[in-house]
$ cat target34.tsv   # TSV, C-alpha atoms
chain	number	residue	atom	x	y	z
A	1	MET	CA	114.95	100.75	98.90
A	2	SER	CA	115.92	102.71	95.82
A	3	ASP	CA	113.13	102.76	93.24
A	4	SER	CA	115.54	103.72	90.47
A	5	THR	CA	117.52	100.50	90.82
A	6	ILE	CA	114.79	97.87	91.12
A	7	PHE	CA	111.77	99.37	89.34
A	8	HIS	CA	111.57	99.80	85.58
A	9	PRO	CA	108.83	101.54	83.55
A	10	VAL	CA	105.92	99.50	82.27
A	11	LEU	CA	106.17	99.44	78.48
A	12	PRO	CA	103.90	102.00	76.77
A	13	GLY	CA	100.89	100.33	75.21
A	14	SER	CA	100.94	97.44	77.65
A	15	PRO	CA	97.39	96.22	78.44
A	16	ALA	CA	98.42	96.16	82.09
A	17	ILE	CA	98.42	99.98	82.25
A	18	PRO	CA	94.67	100.60	81.71
A	19	PHE	CA	93.91	97.61	83.94
A	20	LEU	CA	96.02	99.06	86.76
A	21	ASP	CA	94.49	102.50	86.28
A	22	SER	CA	90.95	101.12	86.43
A	23	HIS	CA	91.60	99.56	89.85
A	24	ASN	CA	93.77	102.31	91.30
A	25	THR	CA	91.84	104.25	93.93
A	26	GLY	CA	94.67	106.62	94.75
A	27	HIS	CA	96.93	104.22	96.63
A	28	ASP	CA	99.21	103.85	93.55
A	29	LEU	CA	100.72	100.56	94.71
A	30	PHE	CA	99.87	96.90	94.02
A	31	ILE	CA	101.52	93.54	94.60
A	32	THR	CA	100.48	90.62	92.40
A	33	HIS	CA	101.46	86.97	92.41
A	34	ILE	CA	100.27	83.56	91.26
A	35	ASP	CA	99.10	81.32	94.10
A	36	GLU	CA	99.88	77.65	93.38
A	37	THR	CA	99.13	76.39	96.88
A	38	PRO	CA	97.40	72.94	96.90
A	39	LEU	CA	93.62	73.12	96.67
A	40	GLY	CA	93.18	71.52	100.09
A	41	ALA	CA	95.22	74.26	101.74
A	42	LYS	CA	93.22	76.94	99.93
A	43	LEU	CA	89.95	75.38	101.09
A	44	ARG	CA	91.11	75.14	104.71
A	45	ALA	CA	92.32	78.74	104.65
A	46	PHE	CA	88.89	79.85	103.39
A	47	LEU	CA	86.90	77.82	105.91
A	48	VAL	CA	88.43	79.66	108.88
A	49	PRO	CA	87.07	83.15	108.01
A	50	LEU	CA	83.87	81.56	106.70
A	51	LEU	CA	83.22	79.94	110.10
A	52	LEU	CA	84.12	83.06	112.07
A	53	ASN	CA	81.99	85.36	109.93
A	54	SER	CA	79.09	82.89	110.02
A	55	LEU	CA	79.20	82.96	113.81
A	56	LEU	CA	79.37	86.75	113.76
A	57	GLY	CA	76.42	87.01	111.37
A	58	SER	CA	74.35	84.59	113.47
A	59	PHE	CA	75.06	86.57	116.62
A	60	MET	CA	74.03	89.83	114.96
A	61	LEU	CA	70.77	88.26	113.80
A	62	TYR	CA	70.19	87.07	117.35
A	63	ARG	CA	70.61	90.65	118.60
A	64	ILE	CA	68.04	91.84	116.07
A	65	PHE	CA	65.51	89.26	117.28
A	66	LEU	CA	66.00	90.59	120.82
A	67	PHE	CA	65.04	94.11	119.77
A	68	GLN	CA	61.67	94.00	121.51
A	69	SER	CA	63.01	92.90	124.91
A	70	HIS	CA	66.08	95.17	124.76
A	71	TYR	CA	64.49	98.41	123.52
A	72	TYR	CA	60.74	98.30	123.02
A	73	ALA	CA	59.82	96.84	126.43
A	74	PRO	CA	62.15	99.13	128.47
A	75	CYS	CA	60.80	102.18	126.63
A	76	LEU	CA	57.23	101.21	127.44
A	77	HIS	CA	58.19	100.68	131.07
A	78	LEU	CA	59.76	104.11	131.30
A	79	LEU	CA	56.78	105.79	129.63
A	80	SER	CA	54.38	104.09	132.01
A	81	ASN	CA	56.00	105.98	134.94
A	82	GLY	CA	55.95	102.93	137.13
A	83	PRO	CA	56.98	103.54	140.73
A	84	THR	CA	59.80	100.97	140.72
A	85	GLY	CA	62.40	99.60	138.35
A	86	GLN	CA	63.00	102.79	136.36
A	87	VAL	CA	66.72	102.99	137.20
A	88	ASP	CA	67.21	99.34	136.27
A	89	SER	CA	65.33	99.86	133.01
A	90	ILE	CA	67.45	102.88	132.08
A	91	LEU	CA	70.73	101.04	132.77
A	92	TYR	CA	69.52	97.99	130.85
A	93	PHE	CA	68.50	100.18	127.92
A	94	LEU	CA	71.81	102.08	127.85
A	95	PHE	CA	73.92	98.93	128.14
A	96	ASN	CA	72.22	97.28	125.18
A	97	MET	CA	72.40	100.45	123.12
A	98	ALA	CA	76.15	100.75	123.76
A	99	PHE	CA	76.75	97.08	122.96
A	100	ASP	CA	74.74	97.11	119.74
A	101	THR	CA	76.36	100.39	118.67
A	102	PHE	CA	79.75	98.69	119.04
A	103	LEU	CA	78.55	95.74	116.94
A	104	TYR	CA	77.23	97.99	114.20
A	105	ARG	CA	80.18	100.38	114.19
A	106	TYR	CA	83.09	97.95	114.27
A	107	LEU	CA	81.94	94.43	113.40
A	108	THR	CA	79.40	95.06	110.65
A	109	PRO	CA	82.14	96.34	108.26
A	110	VAL	CA	84.12	93.14	108.92
A	111	LEU	CA	81.17	90.97	107.95
A	112	ARG	CA	80.31	93.16	104.98
A	113	ASN	CA	83.86	93.11	103.60
A	114	PHE	CA	84.00	89.33	103.86
A	115	VAL	CA	80.68	88.85	102.05
A	116	ILE	CA	81.38	91.23	99.15
A	117	GLY	CA	85.06	90.26	99.01
A	118	ASN	CA	86.33	86.80	99.88
A	119	LEU	CA	82.96	85.01	99.83
A	120	TRP	CA	81.71	86.58	96.59
A	121	PHE	CA	85.07	85.90	94.91
A	122	ARG	CA	84.97	82.21	95.86
A	123	LEU	CA	81.36	81.86	94.73
A	124	ARG	CA	82.33	83.30	91.33
A	125	THR	CA	85.66	81.51	90.78
A	126	GLY	CA	85.73	78.52	93.12
A	127	PHE	CA	89.16	77.07	93.90
A	128	ARG	CA	91.76	76.77	91.16
A	129	ALA	CA	95.20	75.19	90.91
A	130	LYS	CA	96.62	78.57	89.86
A	131	GLU	CA	95.03	81.70	91.25
A	132	ILE	CA	95.83	85.36	90.62
A	133	VAL	CA	96.25	87.28	93.87
A	134	TRP	CA	96.11	91.07	94.09
A	135	ARG	CA	96.98	93.20	97.08
A	136	LYS	CA	96.74	96.98	97.28
A	137	ALA	CA	98.41	99.41	99.67
A	138	ALA	CA	95.18	100.58	101.27
A	139	GLY	CA	95.39	99.06	104.76
A	140	TRP	CA	95.09	101.01	107.99
A	141	ARG	CA	98.86	101.51	108.13
A	142	ARG	CA	98.76	103.58	104.93
A	143	VAL	CA	97.05	106.42	106.78
A	144	ALA	CA	99.82	106.42	109.38
A	145	LEU	CA	102.53	106.44	106.70
A	146	ASP	CA	100.93	109.37	104.88
A	147	GLN	CA	101.05	111.42	108.08
A	148	MET	CA	104.75	110.79	108.74
A	149	ASP	CA	107.81	112.71	107.72
A	150	PRO	CA	108.40	111.94	103.97
A	151	SER	CA	111.87	110.43	104.46
A	152	ARG	CA	110.70	108.25	107.34
A	153	SER	CA	107.58	107.26	105.42
A	154	ARG	CA	109.62	106.21	102.36
A	155	ASP	CA	111.90	104.08	104.49
A	156	LEU	CA	109.02	102.28	106.23
A	157	LEU	CA	107.15	101.86	102.95
A	158	GLY	CA	110.21	100.30	101.35
A	159	ARG	CA	110.54	97.86	104.24
A	160	ALA	CA	106.83	96.99	104.03
A	161	ILE	CA	107.09	96.35	100.29
A	162	SER	CA	110.14	94.12	100.73
A	163	SER	CA	108.43	92.13	103.47
A	164	ALA	CA	105.08	91.73	101.67
A	165	SER	CA	106.72	90.74	98.37
A	166	ASP	CA	109.29	88.38	99.87
A	167	PRO	CA	109.03	85.09	97.92
A	168	HIS	CA	109.25	82.97	101.08
A	169	PHE	CA	106.40	84.96	102.68
A	170	VAL	CA	104.24	84.71	99.57
A	171	ASN	CA	104.87	81.01	98.92
A	172	SER	CA	104.24	79.97	102.53
A	173	ARG	CA	100.74	81.48	102.60
A	174	THR	CA	97.62	81.35	100.48
A	175	GLY	CA	94.97	83.90	99.51
A	176	HIS	CA	93.92	86.32	102.23
A	177	ASP	CA	96.70	85.05	104.51
A	178	THR	CA	99.14	87.17	102.46
A	179	ALA	CA	97.36	90.38	103.54
A	180	THR	CA	99.24	92.69	105.91
A	181	ASP	CA	98.51	95.87	107.83
A	182	LEU	CA	99.46	97.82	104.69
A	183	PHE	CA	98.62	95.51	101.79
A	184	ILE	CA	95.01	94.27	101.80
A	185	MET	CA	93.28	91.99	99.33
A	186	ASP	CA	91.77	93.49	96.18
A	187	TYR	CA	89.13	90.92	95.23
A	188	LYS	CA	87.64	93.07	92.48
A	189	ALA	CA	90.97	93.22	90.67
A	190	MET	CA	91.41	89.49	91.20
A	191	LEU	CA	88.03	88.73	89.66
A	192	ASP	CA	88.51	91.15	86.77
A	193	SER	CA	91.95	89.69	86.02
A	194	TYR	CA	90.27	86.33	85.31
A	195	LEU	CA	87.76	88.05	83.02
A	196	SER	CA	90.66	89.72	81.15
A	197	LEU	CA	92.76	86.61	80.53
A	198	LYS	CA	92.13	86.85	76.78
A	199	THR	CA	93.97	90.18	76.61
A	200	ILE	CA	96.30	89.91	79.63
A	201	PRO	CA	97.87	86.47	80.20
A	202	MET	CA	98.14	85.11	83.73
A	203	ASP	CA	101.95	85.28	83.65
A	204	GLN	CA	101.65	89.07	83.55
A	205	TRP	CA	100.65	88.92	87.21
A	206	ASN	CA	103.60	86.85	88.45
A	207	LEU	CA	105.20	88.09	91.67
A	208	ARG	CA	105.56	91.79	90.90
A	209	VAL	CA	105.28	95.14	92.65
A	210	TRP	CA	103.47	97.84	90.64
A	211	GLN	CA	103.93	101.47	91.63
A	212	LYS	CA	102.65	104.67	90.06
A	213	LYS	CA	104.77	107.80	90.36
A	214	GLN	CA	104.41	111.08	88.50
A	215	GLY	CA	101.60	109.66	86.40
A	216	SER	CA	103.51	106.59	85.12
A	217	TRP	CA	103.53	102.97	86.22
A	218	ALA	CA	106.74	101.16	87.11
A	219	VAL	CA	107.21	97.50	88.01
A	220	TRP	CA	109.60	95.44	90.10
A	221	ASP	CA	109.91	91.88	88.74
A	222	VAL	CA	110.39	90.04	92.01
A	223	TRP	CA	109.60	86.73	90.31
A	224	ARG	CA	112.85	86.91	88.31
A	225	ILE	CA	114.85	87.13	91.52
A	226	GLU	CA	112.87	84.23	92.97
A	227	MET	CA	113.68	82.16	89.87
A	228	ARG	CA	117.41	82.91	90.21
A	229	GLN	CA	117.32	81.98	93.88
A	230	THR	CA	115.52	78.72	93.04
A	231	ASN	CA	118.09	77.86	90.38
A	232	ALA	CA	120.91	78.68	92.77
A	233	GLN	CA	119.41	76.42	95.44
A	234	SER	CA	119.03	73.65	92.86
A	235	ASP	CA	122.72	73.93	91.98
A	236	MET	CA	123.65	73.80	95.67
A	237	ASP	CA	121.56	70.64	96.08
A	238	LYS	CA	123.36	68.98	93.16
A	239	ILE	CA	126.75	69.79	94.64
A	240	ALA	CA	125.61	68.53	98.06
A	241	ILE	CA	124.64	65.18	96.50
A	242	ARG	CA	128.00	64.98	94.74
A	243	LEU	CA	129.88	65.69	97.99
A	244	THR	CA	127.88	62.99	99.76
A	245	GLU	CA	128.85	60.52	97.03
A	246	MET	CA	132.48	61.52	97.57
A	247	GLY	CA	132.17	60.79	101.30
A	248	LYS	CA	132.41	64.44	102.36
A	249	PRO	CA	128.87	65.50	103.37
A	250	ASN	CA	130.15	67.73	106.20
A	251	LEU	CA	131.98	69.90	103.69
A	252	MET	CA	128.66	71.29	102.50
A	253	ASP	CA	127.85	72.56	106.01
A	254	ARG	CA	131.20	74.33	106.27
A	255	TRP	CA	130.67	75.90	102.85
A	256	ALA	CA	127.20	77.09	103.86
A	257	ARG	CA	128.66	78.59	107.04
A	258	ILE	CA	131.09	80.70	105.00
A	259	LEU	CA	128.23	81.95	102.80
A	260	ARG	CA	126.08	82.82	105.84
A	261	ASP	CA	128.92	84.76	107.43
A	262	ALA	CA	129.53	86.65	104.19
A	263	ALA	CA	125.82	87.46	103.83
A	264	ALA	CA	125.65	88.73	107.41
A	265	GLN	CA	128.72	90.91	106.87
A	266	LYS	CA	127.25	92.30	103.64
A	267	LYS	CA	123.94	93.12	105.33
A	268	SER	CA	125.76	94.87	108.15
A	269	SER	CA	127.78	96.99	105.74
A	270	HIS	CA	124.61	98.00	103.86
A	271	ASN	CA	122.97	99.13	107.08
A	272	ASP	CA	125.99	101.29	107.91
A	273	ASP	CA	126.39	102.77	104.42
A	274	GLU	CA	122.75	103.64	103.68
A	275	ASP	CA	121.97	105.64	106.84
A	276	GLY	CA	119.11	103.42	107.97
A	277	SER	CA	117.43	103.02	104.57
A	278	GLU	CA	116.42	99.69	103.11
A	279	SER	CA	119.00	97.86	101.06
A	280	ASP	CA	118.44	98.02	97.30
A	281	ASP	CA	118.84	94.28	96.89
A	282	SER	CA	116.82	92.98	99.80
A	283	HIS	CA	115.52	90.14	97.63
A	284	ASP	CA	118.23	90.18	95.01
A	285	GLU	CA	120.47	87.29	94.11
A	286	PRO	CA	123.42	87.32	96.48
A	287	GLN	CA	126.73	88.21	94.87
A	288	LEU	CA	129.78	86.18	95.94
A	289	PRO	CA	132.60	88.56	96.92
A	290	ARG	CA	136.10	87.72	95.75
A	291	GLU	CA	137.29	87.14	99.33
A	292	THR	CA	134.43	84.72	99.98
A	293	HIS	CA	135.09	82.85	96.75
A	294	SER	CA	138.75	82.49	97.70
A	295	ALA	CA	137.77	81.18	101.13
A	296	VAL	CA	135.50	78.55	99.55
A	297	VAL	CA	138.21	77.47	97.08
A	298	GLU	CA	140.70	77.18	99.93
A	299	LEU	CA	138.23	75.17	102.03
A	300	PHE	CA	137.75	72.61	99.27
A	301	ALA	CA	141.48	72.54	98.48
A	302	LYS	CA	142.22	71.47	102.06
A	303	GLU	CA	140.00	68.45	101.41
A	304	GLY	CA	141.83	67.68	98.17
A	305	ILE	CA	139.00	68.90	95.93
A	306	ASP	CA	139.28	71.38	93.07
A	307	PHE	CA	136.21	73.57	93.64
A	308	GLU	CA	136.04	74.95	90.07
A	309	LYS	CA	136.40	71.48	88.58
A	310	LEU	CA	133.73	70.08	90.90
A	311	CYS	CA	131.26	72.80	89.90
A	312	ASN	CA	131.97	72.35	86.19
A	313	GLU	CA	131.56	68.57	86.33
A	314	THR	CA	128.46	68.65	88.56
A	315	LEU	CA	126.61	71.50	86.90
A	316	GLY	CA	127.73	70.76	83.36
A	317	ASP	CA	129.33	74.17	82.80

$ encode --input "target34.tsv" --output "structure tokens"
Amino acid sequence: MSDSTIFHPVLPGSPAIPFLDSHNTGHDLFITHIDETPLGAKLRAFLVPLLLNSLLGSFMLYRIFLFQSHYYAPCLHLLSNGPTGQVDSILYFLFNMAFDTFLYRYLTPVLRNFVIGNLWFRLRTGFRAKEIVWRKAAGWRRVALDQMDPSRSRDLLGRAISSASDPHFVNSRTGHDTATDLFIMDYKAMLDSYLSLKTIPMDQWNLRVWQKKQGSWAVWDVWRIEMRQTNAQSDMDKIAIRLTEMGKPNLMDRWARILRDAAAQKKSSHNDDEDGSESDDSHDEPQLPRETHSAVVELFAKEGIDFEKLCNETLGD
């Protein structure tokens, strides 16, 4: 992924700059998008971690109530120097200590992060038809990337950004389900973005990747590419309907097969030319090569259809 071709500088004086700086903890990378998933899906997605964390919290409280039998009573037994049962008491004491240490060390942070993050955010904002979602590159994988060779790290980071910002990935999930091993939820930024709607409109946080390099913020407007892809799909649907009306529905499948073959060939050539690096246009609108266009025109001509005329009449060009 080449930053110079897909990222552009955030305009000086933009209110987004101080907002980004105030929530940047050194990771220098955010992904934002607007979640328009139906409210029912958002509620169901929230109930799963709520139930799991409730069970976890209840179990931890249960362990606290057992403190006397697990620690206090065995200690008294050992101090009493009883003739029997000391080995059993020591093993029982050590087992419980190891188990509770594991709970405190690894599971308490999970419960804490849910309470001060997802739960607190929902208590403050509820569920909305349109929700601002923030993710920051501060997951456990970030540590691993920072310890790698710079060229290898850049390549893997580019792939992670492309995957996490893919429109299909984002639109098929809601809320915390968009988190990855690199990009985790930033609930504080999400909450503050609602409080700042008077100065920063919600559209500012459409599907975008924000990256800070050499002290300046740059942005990749992924949402523009998504819009072009949506428009292109809409045009394809119109042509498919027209072909069905003409009694040639199978022609659409053959056309799509040509486009898939061309896309696969283009992807293969990018992988060979860029020495293993991520393609610059991994989400970009696909360009139709001249050879592919000629193949499509020829395909339609064999069926007695003028491809250019069909497009002009169907799409109103």

$ atom_distance --input "target34.tsv" --atom1 "CA of Thr25 in chain A" --atom2 "CA of Leu157 in chain A"
17.9 Å

$ closest_residue --input "target34.tsv" --among "A:Asp253, A:Asp149, A:Asp100, A:Asp237" --to "Cys311 in chain A" --atoms "all atoms listed in the file"
A:Asp237

$ closest_residue --input "target34.tsv" --among "A:Thr101, A:Asn24, A:Ser165, A:Asn113" --to "Met60 in chain A" --atoms "only C-alpha atoms"
A:Thr101

$ atom_distance --input "target34.tsv" --atom1 "CA of Ile116 in chain A" --atom2 "CA of Val209 in chain A"
25.1 Å

$ atom_distance --input "target34.tsv" --atom1 "CA of Lys188 in chain A" --atom2 "CA of Ile132 in chain A"
11.4 Å

$ build_atoms --input "target34.tsv" --residues "range 171-189 of chain A" --atoms "N, CA, C and O atoms" --output "PDB file, keeping the file's coordinate frame"
ATOM      1  N   ASN A 171     105.041  82.424  99.225  1.00  0.00           N
ATOM      2  CA  ASN A 171     104.870  81.010  98.920  1.00  0.00           C
ATOM      3  C   ASN A 171     104.451  80.177 100.129  1.00  0.00           C
ATOM      4  O   ASN A 171     103.984  79.050  99.972  1.00  0.00           O
ATOM      5  N   SER A 172     104.612  80.714 101.327  1.00  0.00           N
ATOM      6  CA  SER A 172     104.240  79.970 102.530  1.00  0.00           C
ATOM      7  C   SER A 172     102.819  80.269 102.984  1.00  0.00           C
ATOM      8  O   SER A 172     102.368  79.729 103.988  1.00  0.00           O
ATOM      9  N   ARG A 173     102.105  81.119 102.233  1.00  0.00           N
ATOM     10  CA  ARG A 173     100.740  81.480 102.600  1.00  0.00           C
ATOM     11  C   ARG A 173      99.842  81.395 101.364  1.00  0.00           C
ATOM     12  O   ARG A 173     100.323  81.316 100.250  1.00  0.00           O
ATOM     13  N   THR A 174      98.552  81.424 101.596  1.00  0.00           N
ATOM     14  CA  THR A 174      97.620  81.350 100.480  1.00  0.00           C
ATOM     15  C   THR A 174      96.521  82.399 100.640  1.00  0.00           C
ATOM     16  O   THR A 174      96.071  82.683 101.758  1.00  0.00           O
ATOM     17  N   GLY A 175      96.110  82.987  99.524  1.00  0.00           N
ATOM     18  CA  GLY A 175      94.970  83.900  99.510  1.00  0.00           C
ATOM     19  C   GLY A 175      95.072  85.038 100.492  1.00  0.00           C
ATOM     20  O   GLY A 175      96.076  85.753 100.549  1.00  0.00           O
ATOM     21  N   HIS A 176      94.011  85.194 101.309  1.00  0.00           N
ATOM     22  CA  HIS A 176      93.920  86.320 102.230  1.00  0.00           C
ATOM     23  C   HIS A 176      94.988  86.281 103.319  1.00  0.00           C
ATOM     24  O   HIS A 176      95.207  87.278 104.014  1.00  0.00           O
ATOM     25  N   ASP A 177      95.653  85.135 103.492  1.00  0.00           N
ATOM     26  CA  ASP A 177      96.700  85.050 104.510  1.00  0.00           C
ATOM     27  C   ASP A 177      97.940  85.871 104.127  1.00  0.00           C
ATOM     28  O   ASP A 177      98.822  86.080 104.970  1.00  0.00           O
ATOM     29  N   THR A 178      98.016  86.324 102.879  1.00  0.00           N
ATOM     30  CA  THR A 178      99.140  87.170 102.460  1.00  0.00           C
ATOM     31  C   THR A 178      98.866  88.649 102.744  1.00  0.00           C
ATOM     32  O   THR A 178      99.737  89.487 102.512  1.00  0.00           O
ATOM     33  N   ALA A 179      97.680  88.984 103.223  1.00  0.00           N
ATOM     34  CA  ALA A 179      97.360  90.380 103.540  1.00  0.00           C
ATOM     35  C   ALA A 179      98.154  90.825 104.760  1.00  0.00           C
ATOM     36  O   ALA A 179      98.457  90.034 105.651  1.00  0.00           O
ATOM     37  N   THR A 180      98.504  92.115 104.795  1.00  0.00           N
ATOM     38  CA  THR A 180      99.240  92.690 105.910  1.00  0.00           C
ATOM     39  C   THR A 180      98.514  93.944 106.389  1.00  0.00           C
ATOM     40  O   THR A 180      97.441  94.285 105.874  1.00  0.00           O
ATOM     41  N   ASP A 181      99.129  94.639 107.351  1.00  0.00           N
ATOM     42  CA  ASP A 181      98.510  95.870 107.830  1.00  0.00           C
ATOM     43  C   ASP A 181      98.557  96.983 106.798  1.00  0.00           C
ATOM     44  O   ASP A 181      97.828  97.969 106.904  1.00  0.00           O
ATOM     45  N   LEU A 182      99.387  96.828 105.771  1.00  0.00           N
ATOM     46  CA  LEU A 182      99.460  97.820 104.690  1.00  0.00           C
ATOM     47  C   LEU A 182      98.817  97.301 103.405  1.00  0.00           C
ATOM     48  O   LEU A 182      98.052  98.016 102.759  1.00  0.00           O
ATOM     49  N   PHE A 183      99.111  96.075 103.043  1.00  0.00           N
ATOM     50  CA  PHE A 183      98.620  95.510 101.790  1.00  0.00           C
ATOM     51  C   PHE A 183      97.426  94.600 102.059  1.00  0.00           C
ATOM     52  O   PHE A 183      97.559  93.530 102.653  1.00  0.00           O
ATOM     53  N   ILE A 184      96.244  95.038 101.610  1.00  0.00           N
ATOM     54  CA  ILE A 184      95.010  94.270 101.800  1.00  0.00           C
ATOM     55  C   ILE A 184      94.586  93.672 100.468  1.00  0.00           C
ATOM     56  O   ILE A 184      95.041  94.091  99.400  1.00  0.00           O
ATOM     57  N   MET A 185      93.715  92.678 100.542  1.00  0.00           N
ATOM     58  CA  MET A 185      93.280  91.990  99.330  1.00  0.00           C
ATOM     59  C   MET A 185      92.421  92.899  98.462  1.00  0.00           C
ATOM     60  O   MET A 185      91.631  93.696  98.967  1.00  0.00           O
ATOM     61  N   ASP A 186      92.601  92.765  97.145  1.00  0.00           N
ATOM     62  CA  ASP A 186      91.770  93.490  96.180  1.00  0.00           C
ATOM     63  C   ASP A 186      91.021  92.441  95.359  1.00  0.00           C
ATOM     64  O   ASP A 186      91.473  92.025  94.285  1.00  0.00           O
ATOM     65  N   TYR A 187      89.869  92.004  95.872  1.00  0.00           N
ATOM     66  CA  TYR A 187      89.130  90.920  95.230  1.00  0.00           C
ATOM     67  C   TYR A 187      88.520  91.346  93.900  1.00  0.00           C
ATOM     68  O   TYR A 187      88.348  90.516  92.999  1.00  0.00           O
ATOM     69  N   LYS A 188      88.181  92.610  93.754  1.00  0.00           N
ATOM     70  CA  LYS A 188      87.640  93.070  92.480  1.00  0.00           C
ATOM     71  C   LYS A 188      88.679  92.955  91.368  1.00  0.00           C
ATOM     72  O   LYS A 188      88.382  92.497  90.257  1.00  0.00           O
ATOM     73  N   ALA A 189      89.905  93.357  91.665  1.00  0.00           N
ATOM     74  CA  ALA A 189      90.970  93.220  90.670  1.00  0.00           C
ATOM     75  C   ALA A 189      91.259  91.755  90.381  1.00  0.00           C
ATOM     76  O   ALA A 189      91.536  91.387  89.230  1.00  0.00           O
TER      77      ALA A 189
END
